[in-house]
$ cat my_file-v1.cif   # mmCIF, C-alpha atoms
data_coords
loop_
_atom_site.label_atom_id
_atom_site.label_comp_id
_atom_site.auth_asym_id
_atom_site.auth_seq_id
_atom_site.Cartn_x
_atom_site.Cartn_y
_atom_site.Cartn_z
CA MET A 1 164.47 120.29 93.51
CA SER A 2 162.48 122.98 91.71
CA ARG A 3 160.76 120.33 89.60
CA ILE A 4 159.53 118.49 92.66
CA LYS A 5 158.32 121.72 94.29
CA GLY A 6 156.24 122.69 91.25
CA ALA A 7 154.63 119.26 91.03
CA SER A 8 153.56 119.27 94.66
CA LYS A 9 151.95 122.71 94.33
CA ASN A 10 149.62 121.86 91.49
CA PRO A 11 147.76 118.90 93.03
CA LEU A 12 147.10 121.03 96.15
CA LYS A 13 145.50 123.74 94.06
CA LEU A 14 143.45 121.10 92.27
CA VAL A 15 142.10 119.64 95.51
CA ALA A 16 141.13 123.09 96.80
CA LEU A 17 139.40 123.91 93.54
CA ALA A 18 137.51 120.60 93.55
CA ALA A 19 136.36 121.16 97.13
CA MET A 20 135.05 124.62 96.30
CA THR A 21 133.21 123.41 93.23
CA PHE A 22 131.61 120.61 95.26
CA ALA A 23 130.52 122.99 98.02
CA SER A 24 128.85 125.39 95.62
CA ALA A 25 127.17 122.55 93.70
CA VAL A 26 125.46 121.29 96.86
CA GLY A 27 125.08 124.82 98.19
CA TRP A 28 121.53 124.72 99.55
CA ALA A 29 121.91 121.27 101.11
CA ALA A 30 125.10 122.35 102.86
CA ASP A 31 123.26 125.37 104.24
CA GLY A 32 120.45 123.29 105.71
CA GLU A 33 122.93 120.89 107.25
CA ALA A 34 124.91 123.75 108.74
CA ILE A 35 121.79 125.25 110.34
CA LEU A 36 120.74 121.85 111.67
CA ASN A 37 124.10 121.28 113.27
CA ALA A 38 124.40 124.76 114.70
CA GLN A 39 120.85 125.47 115.86
CA CYS A 40 118.92 122.21 116.12
CA SER A 41 121.16 119.32 117.12
CA ALA A 42 121.15 120.31 120.81
CA CYS A 43 117.49 119.30 121.04
CA HIS A 44 116.92 116.96 118.09
CA ASN A 45 118.50 113.60 117.36
CA LEU A 46 119.50 113.87 113.69
CA ALA A 47 121.27 110.52 113.33
CA GLY A 48 119.43 107.97 115.50
CA PRO A 49 118.76 105.67 117.19
CA ALA A 50 115.63 106.37 119.28
CA PRO A 51 115.90 106.27 123.10
CA ALA A 52 116.35 102.70 124.39
CA THR A 53 116.10 103.55 128.10
CA LEU A 54 113.64 105.55 130.19
CA ASP A 55 116.44 107.90 131.16
CA ALA A 56 117.05 108.73 127.50
CA LEU A 57 113.30 109.10 126.93
CA TRP A 58 112.93 111.56 129.82
CA ASN A 59 115.88 113.62 128.63
CA ARG A 60 114.85 113.83 125.00
CA LYS A 61 114.48 117.54 124.28
CA GLY A 62 112.70 117.38 120.91
CA PRO A 63 111.23 114.79 118.51
CA ASP A 64 113.74 112.53 116.76
CA LEU A 65 114.36 113.81 113.25
CA PHE A 66 116.54 111.06 111.78
CA TYR A 67 113.52 109.67 109.93
CA ALA A 68 111.97 113.08 109.16
CA GLY A 69 111.80 112.27 105.42
CA ASN A 70 109.65 109.23 106.15
CA LYS A 71 107.41 111.04 108.63
CA TYR A 72 106.58 114.66 107.87
CA GLN A 73 104.86 116.54 105.08
CA ALA A 74 107.48 118.90 103.66
CA ALA A 75 104.97 121.70 102.93
CA TRP A 76 103.75 121.67 106.53
CA MET A 77 107.29 121.61 107.94
CA GLU A 78 108.49 124.58 105.91
CA LYS A 79 105.55 126.67 107.13
CA TRP A 80 105.71 125.49 110.75
CA LEU A 81 109.42 126.24 111.08
CA GLN A 82 108.67 129.87 110.28
CA LYS A 83 105.77 130.11 112.71
CA PRO A 84 105.94 127.21 115.16
CA THR A 85 102.89 126.47 117.32
CA ARG A 86 102.57 124.02 120.20
CA ILE A 87 101.77 120.42 119.21
CA ARG A 88 102.30 118.56 122.50
CA PRO A 89 100.26 120.25 125.26
CA ALA A 90 102.47 118.71 127.98
CA GLY A 91 105.84 118.82 126.18
CA MET A 92 108.03 115.94 125.02
CA PHE A 93 107.89 113.91 128.21
CA TYR A 94 104.84 115.02 130.18
CA GLY A 95 106.46 113.83 133.44
CA ASN A 96 108.86 116.81 133.29
CA HIS A 97 106.03 119.33 132.86
CA ILE A 98 103.35 118.54 135.42
CA LYS A 99 102.52 119.68 138.94
CA PRO A 100 99.82 118.72 141.45
CA GLY A 101 96.73 120.96 141.39
CA ALA A 102 93.43 121.33 143.24
CA LYS A 103 91.47 118.95 140.97
CA GLY A 104 94.42 116.75 140.09
CA ASP A 105 97.67 117.06 138.11
CA GLU A 106 98.08 120.08 135.84
CA VAL A 107 100.43 120.98 133.02
CA ASP A 108 103.04 123.47 134.22
CA ALA A 109 103.09 125.68 131.13
CA THR A 110 105.97 127.78 132.46
CA THR A 111 108.31 124.83 131.88
CA LEU A 112 107.43 124.42 128.17
CA VAL A 113 109.81 125.81 125.55
CA THR A 114 108.86 128.26 122.82
CA HIS A 115 110.24 126.81 119.61
CA PRO A 116 112.81 128.85 117.68
CA ALA A 117 111.45 130.28 114.40
CA LEU A 118 113.42 130.41 111.16
CA PRO A 119 113.39 132.97 108.35
CA ALA A 120 111.77 131.68 105.12
CA THR A 121 115.02 130.87 103.27
CA ASP A 122 116.44 128.95 106.24
CA ALA A 123 113.16 127.08 106.73
CA LYS A 124 113.29 125.96 103.10
CA ALA A 125 116.94 124.87 103.35
CA VAL A 126 116.38 123.01 106.61
CA THR A 127 113.25 121.29 105.30
CA GLY A 128 115.27 120.13 102.30
CA ALA A 129 117.97 118.71 104.55
CA LEU A 130 115.50 117.07 106.93
CA MET A 131 113.42 115.45 104.19
CA GLN A 132 116.58 113.67 103.05
CA ARG A 133 116.79 111.87 106.38
CA LYS A 134 115.13 108.56 105.61
CA GLY A 135 115.88 106.47 108.66
CA ARG A 136 113.62 103.46 109.25
CA SER A 137 112.52 103.09 105.63
CA ASP A 138 112.13 99.42 106.54
CA LEU A 139 108.99 100.39 108.48
CA VAL A 140 107.06 102.25 105.78
CA THR A 141 105.34 100.77 102.74
CA ALA A 142 104.39 102.86 99.72
CA GLY A 143 100.65 102.64 99.16
CA ALA A 144 99.93 101.27 102.65
CA TYR A 145 97.20 103.88 103.04
CA VAL A 146 94.30 103.61 100.61
CA PRO A 147 92.32 106.89 100.52
CA GLY A 148 88.74 106.58 101.75
CA THR A 149 86.22 108.27 103.99
CA ILE A 150 84.54 107.87 107.36
CA SER A 151 81.79 109.91 109.02
CA ARG A 152 82.75 112.21 111.85
CA SER A 153 80.56 110.26 114.31
CA SER A 154 81.91 106.78 113.45
CA GLY A 155 85.45 108.13 113.53
CA GLU A 156 84.91 109.63 116.95
CA MET A 157 83.26 106.43 118.27
CA LEU A 158 86.32 104.49 117.18
CA PHE A 159 88.76 107.03 118.60
CA ASP A 160 86.96 107.44 121.91
CA LYS A 161 84.65 104.59 122.96
CA PHE A 162 86.12 101.61 121.12
CA LYS A 163 89.87 102.23 121.27
CA GLY A 164 90.33 104.77 124.06
CA CYS A 165 92.64 107.11 122.12
CA LEU A 166 90.88 110.24 123.40
CA ALA A 167 92.37 109.61 126.85
CA CYS A 168 95.71 110.98 125.63
CA HIS A 169 94.97 113.07 122.54
CA GLU A 170 92.92 116.20 121.85
CA ILE A 171 90.63 115.91 118.80
CA GLU A 172 89.90 119.63 118.94
CA PRO A 173 91.48 122.41 120.97
CA GLY A 174 90.52 121.87 124.61
CA TYR A 175 88.90 118.45 124.19
CA GLY A 176 90.74 115.22 124.98
CA GLY A 177 93.85 114.08 126.84
CA LEU A 178 97.09 116.02 127.17
CA SER A 179 99.99 113.58 127.36
CA GLY A 180 100.12 112.92 123.60
CA PRO A 181 100.31 115.31 120.61
CA GLU A 182 97.12 117.03 119.37
CA VAL A 183 95.73 114.81 116.61
CA TYR A 184 93.49 117.32 114.85
CA THR A 185 96.58 118.54 112.99
CA ALA A 186 98.24 115.11 112.59
CA ALA A 187 97.13 114.50 108.99
CA LYS A 188 98.46 117.92 107.94
CA ARG A 189 101.81 117.24 109.59
CA LEU A 190 102.42 113.58 108.92
CA GLN A 191 102.61 111.30 105.89
CA GLU A 192 99.74 108.82 105.60
CA ASN A 193 101.95 105.78 105.19
CA TYR A 194 103.85 106.81 108.30
CA LEU A 195 100.58 107.06 110.23
CA ILE A 196 99.60 103.52 109.21
CA SER A 197 102.99 102.18 110.25
CA TYR A 198 103.20 104.13 113.53
CA LEU A 199 99.67 103.24 114.64
CA ARG A 200 100.31 99.59 113.87
CA ASN A 201 103.36 99.51 116.12
CA PRO A 202 104.50 102.71 117.86
CA GLN A 203 107.32 100.86 119.65
CA ALA A 204 108.92 99.84 116.35
CA TRP A 205 109.69 103.55 115.83
CA ASP A 206 110.20 104.56 119.43
CA PRO A 207 110.77 101.54 121.73
CA LYS A 208 110.07 103.31 125.04
CA THR A 209 107.19 105.59 123.96
CA PHE A 210 104.19 105.90 126.27
CA MET A 211 101.78 105.61 123.33
CA PRO A 212 100.45 102.04 123.76
CA ASN A 213 100.25 99.50 120.96
CA LYS A 214 96.47 99.09 120.59
CA ARG A 215 96.73 96.02 118.30
CA LEU A 216 94.61 97.66 115.61
CA SER A 217 93.29 95.61 112.71
CA ASP A 218 94.20 96.60 109.14
CA THR A 219 90.65 97.88 108.63
CA ASP A 220 90.80 100.04 111.76
CA LEU A 221 94.21 101.41 110.77
CA GLN A 222 92.71 102.67 107.51
CA LYS A 223 89.68 104.08 109.34
CA PHE A 224 91.88 105.98 111.78
CA VAL A 225 93.75 107.68 108.96
CA HIS A 226 90.44 108.55 107.22
CA TYR A 227 89.35 110.09 110.51
CA LEU A 228 92.58 112.03 111.07
CA ARG A 229 92.28 113.41 107.54
CA LEU A 230 88.72 114.48 108.25
CA LEU A 231 89.81 116.22 111.47
CA GLY A 232 92.59 117.94 109.52
CA GLU A 233 90.13 119.30 106.93
CA GLU A 234 87.97 120.74 109.69
CA VAL A 235 90.86 122.64 111.30
CA LYS A 236 90.73 126.33 110.55
CA PRO A 237 94.00 127.50 109.04
CA MET B 1 149.87 90.33 108.30
CA ARG B 2 146.83 88.28 107.39
CA PRO B 3 145.86 86.93 110.83
CA MET B 4 146.22 90.46 112.21
CA ARG B 5 143.74 91.93 109.74
CA TRP B 6 141.32 89.09 110.30
CA SER B 7 141.32 89.64 114.06
CA THR B 8 140.85 93.39 113.61
CA PHE B 9 137.90 92.66 111.36
CA VAL B 10 136.36 90.34 113.94
CA THR B 11 136.87 92.85 116.75
CA VAL B 12 135.30 95.68 114.77
CA GLY B 13 132.45 93.40 113.72
CA ALA B 14 131.75 92.32 117.29
CA PHE B 15 131.84 95.92 118.44
CA MET B 16 129.33 96.95 115.78
CA LEU B 17 127.05 94.10 116.76
CA ILE B 18 127.13 95.03 120.44
CA SER B 19 126.52 98.70 119.77
CA THR B 20 123.48 98.06 117.55
CA ILE B 21 121.68 95.77 120.01
CA PRO B 22 119.25 97.95 121.97
CA ALA B 23 119.96 98.13 125.68
CA LEU B 24 117.67 95.70 127.44
CA ALA B 25 118.47 96.90 130.92
CA LYS B 26 115.64 96.29 133.36
CA GLU B 27 113.95 99.52 134.46
CA ARG B 28 112.90 100.26 138.03
CA ALA B 29 109.19 99.92 138.86
CA GLU B 30 108.83 103.54 140.02
CA ASP B 31 110.40 104.73 136.76
CA ASN B 32 108.03 102.62 134.66
CA TYR B 33 105.16 103.99 136.75
CA ARG B 34 106.28 107.58 136.18
CA THR B 35 106.60 106.99 132.44
CA TYR B 36 103.51 104.96 131.61
CA CYS B 37 100.97 105.27 134.44
CA VAL B 38 101.21 108.79 135.89
CA GLN B 39 99.67 110.36 132.74
CA CYS B 40 96.31 108.87 133.85
CA HIS B 41 96.75 107.60 137.42
CA GLY B 42 98.52 110.77 138.59
CA MET B 43 101.77 111.82 140.24
CA GLN B 44 100.44 110.61 143.57
CA GLY B 45 98.78 107.50 142.17
CA ASN B 46 95.42 108.90 143.27
CA GLY B 47 93.77 108.51 139.85
CA LYS B 48 94.05 112.21 139.00
CA GLY B 49 96.52 112.43 136.10
CA ILE B 50 96.67 115.21 133.48
CA ASN B 51 94.55 113.15 131.08
CA ILE B 52 91.37 112.71 133.12
CA ARG B 53 89.42 115.87 132.13
CA ASP B 54 87.42 114.24 129.32
CA MET B 55 87.67 110.55 130.25
CA SER B 56 84.33 108.73 130.50
CA VAL B 57 85.64 106.19 133.04
CA LEU B 58 88.10 107.46 135.63
CA PRO B 59 91.40 105.70 136.33
CA ARG B 60 91.62 103.63 139.50
CA ASP B 61 92.93 105.39 142.61
CA HIS B 62 95.98 103.21 143.35
CA THR B 63 96.12 104.51 146.93
CA ASP B 64 92.60 103.19 147.66
CA ALA B 65 93.30 100.14 149.83
CA LYS B 66 89.67 98.97 149.73
CA GLU B 67 89.49 98.81 145.92
CA MET B 68 93.04 97.59 145.40
CA SER B 69 92.83 94.80 147.98
CA ALA B 70 89.85 93.40 146.06
CA ARG B 71 92.22 92.38 143.24
CA SER B 72 94.69 89.51 143.29
CA ASP B 73 98.28 90.08 142.15
CA ASP B 74 97.51 87.89 139.14
CA ASP B 75 94.59 90.10 138.13
CA ILE B 76 96.67 93.24 138.47
CA PHE B 77 99.44 91.63 136.42
CA LYS B 78 96.89 90.72 133.77
CA VAL B 79 95.30 94.17 133.56
CA ILE B 80 98.71 95.84 133.18
CA LYS B 81 99.94 93.39 130.58
CA GLU B 82 96.73 92.94 128.55
CA GLY B 83 94.70 96.05 129.37
CA GLY B 84 91.29 96.81 130.90
CA VAL B 85 89.29 94.72 128.43
CA ALA B 86 91.18 91.57 129.52
CA ILE B 87 89.39 91.74 132.89
CA ASN B 88 86.11 93.24 131.61
CA LYS B 89 87.14 96.77 132.49
CA SER B 90 87.37 99.94 130.43
CA VAL B 91 89.34 100.09 127.16
CA LEU B 92 90.75 103.37 128.52
CA MET B 93 93.14 101.28 130.60
CA PRO B 94 95.75 100.31 127.93
CA ALA B 95 97.85 97.12 127.63
CA TRP B 96 101.58 97.55 128.30
CA ALA B 97 103.11 94.27 127.12
CA ASP B 98 105.06 96.13 124.42
CA VAL B 99 107.06 98.33 126.78
CA MET B 100 107.63 96.10 129.80
CA THR B 101 108.85 92.55 130.33
CA ASP B 102 106.87 90.16 132.54
CA GLU B 103 109.52 90.67 135.23
CA GLU B 104 109.10 94.45 135.10
CA ILE B 105 105.31 94.06 135.29
CA ARG B 106 105.66 91.83 138.36
CA ASP B 107 107.84 94.52 140.00
CA LEU B 108 105.17 97.08 139.10
CA VAL B 109 102.48 94.98 140.82
CA GLN B 110 104.61 95.12 143.98
CA HIS B 111 104.99 98.88 143.51
CA LEU B 112 101.17 99.21 143.41
CA ARG B 113 100.99 97.19 146.64
CA LYS B 114 103.25 99.80 148.22
CA LEU B 115 101.04 102.65 146.94
CA CYS B 116 97.87 101.13 148.44
CA LYS B 117 99.68 99.78 151.49
CA CYS B 118 97.58 96.67 150.97
CA SER B 119 97.61 93.09 149.71
CA TYR B 120 94.96 90.78 148.25
CA GLY B 121 92.11 90.43 150.74
CA LYS B 122 93.46 93.00 153.24
#
$ encode --input "my_file-v1.cif" --output "structure tokens"
Amino acid sequence: MSRIKGASKNPLKLVALAAMTFASAVGWAADGEAILNAQCSACHNLAGPAPATLDALWNRKGPDLFYAGNKYQAAWMEKWLQKPTRIRPAGMFYGNHIKPGAKGDEVDATTLVTHPALPATDAKAVTGALMQRKGRSDLVTAGAYVPGTISRSSGEMLFDKFKGCLACHEIEPGYGGLSGPEVYTAAKRLQENYLISYLRNPQAWDPKTFMPNKRLSDTDLQKFVHYLRLLGEEVKP
Amino acid sequence: MRPMRWSTFVTVGAFMLISTIPALAKERAEDNYRTYCVQCHGMQGNGKGINIRDMSVLPRDHTDAKEMSARSDDDIFKVIKEGGVAINKSVLMPAWADVMTDEEIRDLVQHLRKLCKCSYGK
């Protein structure tokens, strides 16, 4: 009897010890995950998939983050999480944040959320955990973007007159459409290869999104990213 | 034992297949309108959406019976599916083939007919 008792005690101790060692070895990652689950998962989809119905699209409370590692620039994210600013002038789904006004529909700013801010150490841990989320790697190609330049005026012609992007996006504060995210910060926030892939086919990432597929040529895709980079350089920090 | 495990495997496999196929449920025309059109054409369909401030060509007022009755259902279908340029209109009117099926677009044409309280020619 006593022999059996002793033998069953030891393995238990071993398992507990192993678990503790594992937890401390992946300490920072576990932290980031814990914060994500406790403070972020109510608004952000951390595991996928993207909304497949309009109902799900309307009720999405924050951008999907299950492909964060394929989408965002880590340096930007860590900073933004400490001091978040508004990116989408009319919120996630503009339809939930508008009201009729004298000259037409207006954004109802009182319905927009102020994003929670994180202390520096938490922002770093969370960024680490988010950058490990590499959903939809099938959609991004390393080296898809080839660095180059475009003049401000040709870029704007393309964005406004030729492709009609200005209808939904601001290219500087207070100039452009409001239903999509501001694009003058896009190149600071987003990875270039993601931009190429997303602009080529927004619905591949987000099937119900109200950003239209503009059937851009490979040359135009490159030009748009040159232009977004140029806009990003002009933004005052 | 063996047949049991095989059938479990098949059941689980079928379940996984079903749950990974995106829902292709047909959406209602008014819901598609609210999602894709209201940003420019407005909550009331009067052409005054939140995006119009800096647009060089203004969106069509879908409640304007005179303008809307000048277009056939086929033309309206075409402009929604292929965009403004397909009927020599502004590039600011996007193409929506990637978010709606032909059937949904046909329903949307009928929804526009309700907004203008009109039909082709009258």
$ interface_residues --input "my_file-v1.cif" --of "chain B" --to "chain A" --cutoff "8 Å" --atoms "all atoms listed in the file" --output "ChimeraX atom specification"
/B:22-25,27,31-32,34-36,38-39,42-43,48-55,91-96,98-99
$ write_last_selection --input "my_file-v1.cif" --atoms "C-alpha atoms" --output "PDB file, in the frame of the given file"
ATOM      1  CA  PRO B  22     119.250  97.950 121.970  1.00  0.00           C
ATOM      2  CA  ALA B  23     119.960  98.130 125.680  1.00  0.00           C
ATOM      3  CA  LEU B  24     117.670  95.700 127.440  1.00  0.00           C
ATOM      4  CA  ALA B  25     118.470  96.900 130.920  1.00  0.00           C
ATOM      5  CA  GLU B  27     113.950  99.520 134.460  1.00  0.00           C
ATOM      6  CA  ASP B  31     110.400 104.730 136.760  1.00  0.00           C
ATOM      7  CA  ASN B  32     108.030 102.620 134.660  1.00  0.00           C
ATOM      8  CA  ARG B  34     106.280 107.580 136.180  1.00  0.00           C
ATOM      9  CA  THR B  35     106.600 106.990 132.440  1.00  0.00           C
ATOM     10  CA  TYR B  36     103.510 104.960 131.610  1.00  0.00           C
ATOM     11  CA  VAL B  38     101.210 108.790 135.890  1.00  0.00           C
ATOM     12  CA  GLN B  39      99.670 110.360 132.740  1.00  0.00           C
ATOM     13  CA  GLY B  42      98.520 110.770 138.590  1.00  0.00           C
ATOM     14  CA  MET B  43     101.770 111.820 140.240  1.00  0.00           C
ATOM     15  CA  LYS B  48      94.050 112.210 139.000  1.00  0.00           C
ATOM     16  CA  GLY B  49      96.520 112.430 136.100  1.00  0.00           C
ATOM     17  CA  ILE B  50      96.670 115.210 133.480  1.00  0.00           C
ATOM     18  CA  ASN B  51      94.550 113.150 131.080  1.00  0.00           C
ATOM     19  CA  ILE B  52      91.370 112.710 133.120  1.00  0.00           C
ATOM     20  CA  ARG B  53      89.420 115.870 132.130  1.00  0.00           C
ATOM     21  CA  ASP B  54      87.420 114.240 129.320  1.00  0.00           C
ATOM     22  CA  MET B  55      87.670 110.550 130.250  1.00  0.00           C
ATOM     23  CA  VAL B  91      89.340 100.090 127.160  1.00  0.00           C
ATOM     24  CA  LEU B  92      90.750 103.370 128.520  1.00  0.00           C
ATOM     25  CA  MET B  93      93.140 101.280 130.600  1.00  0.00           C
ATOM     26  CA  PRO B  94      95.750 100.310 127.930  1.00  0.00           C
ATOM     27  CA  ALA B  95      97.850  97.120 127.630  1.00  0.00           C
ATOM     28  CA  TRP B  96     101.580  97.550 128.300  1.00  0.00           C
ATOM     29  CA  ASP B  98     105.060  96.130 124.420  1.00  0.00           C
ATOM     30  CA  VAL B  99     107.060  98.330 126.780  1.00  0.00           C
TER      31      VAL B  99
END
$ closest_residue --input "my_file-v1.cif" --among "A:Trp205, A:Lys71, A:Ala125, A:Lys79" --to "A:Glu192" --atoms "all atoms listed in the file"
A:Lys71
$ residues_around --input "my_file-v1.cif" --residues "stretch 60-70 of chain B" --least-positions-apart "2" --cutoff "8 Å" --atoms "all atoms listed in the file" --output "ChimeraX atom specification"
/B:41,45-48,58,72,112,115-122
$ atom_distance --input "my_file-v1.cif" --atom1 "atom CA of A:Val140" --atom2 "atom CA of A:Ala186"
17.0 Å
$ resolve_selection --input "my_file-v1.cif" --expression "the PyMOL selection byres ((chain A and resi 181) around 6)" --output "list in words"
Ile87, Arg88, Gly180 and Glu182 of chain A
$ atom_distance --input "my_file-v1.cif" --atom1 "atom CA of A:Leu230" --atom2 "atom CA of A:Leu139"
24.7 Å
$ residues_around --input "my_file-v1.cif" --residues "A:Leu112" --least-positions-apart "6" --cutoff "9 Å" --atoms "all atoms listed in the file" --output "list in words"
Pro89, Ala90, Gly91 and His97 of chain A
$ atom_distance --input "my_file-v1.cif" --atom1 "atom CA of A:Tyr184" --atom2 "atom CA of A:Ile171"
5.1 Å
$ resolve_selection --input "my_file-v1.cif" --expression "the PyMOL selection byres ((chain A and resi 219) around 12)" --output "ChimeraX atom specification"
/A:144-146,148,150,158,196,200,215-218,220-226
$ resolve_selection --input "my_file-v1.cif" --expression "the PyMOL selection byres ((chain B and resi 74-81) around 7)" --output "count of residues only"
14
$ residues_around --input "my_file-v1.cif" --residues "B:Asp107" --least-positions-apart "4" --cutoff "8 Å" --atoms "all atoms listed in the file" --output "list in words"
Arg28, Ala29, Glu103 and His111 of chain B
$ residues_around --input "my_file-v1.cif" --residues "A:Pro119" --least-positions-apart "2" --cutoff "6 Å" --atoms "all atoms listed in the file" --output "ChimeraX atom specification"
/A:82,121-122
$ closest_residue --input "my_file-v1.cif" --among "B:Met100, B:Val57, B:Arg113, B:Asn88" --to "B:Cys40" --atoms "all atoms listed in the file"
B:Val57
$ residues_around --input "my_file-v1.cif" --residues "A:Pro84" --least-positions-apart "5" --cutoff "9 Å" --atoms "only C-alpha atoms" --output "ChimeraX atom specification"
/A:79,114-117
$ axis_aligned_box --input "my_file-v1.cif" --around "stretch 75-83 of chain A" --padding-each-side "4 Å" --output "lines of an AutoDock Vina configuration file"
center_x = 106.6
center_y = 125.9
center_z = 107.8
size_x = 13.7
size_y = 16.5
size_z = 17.8
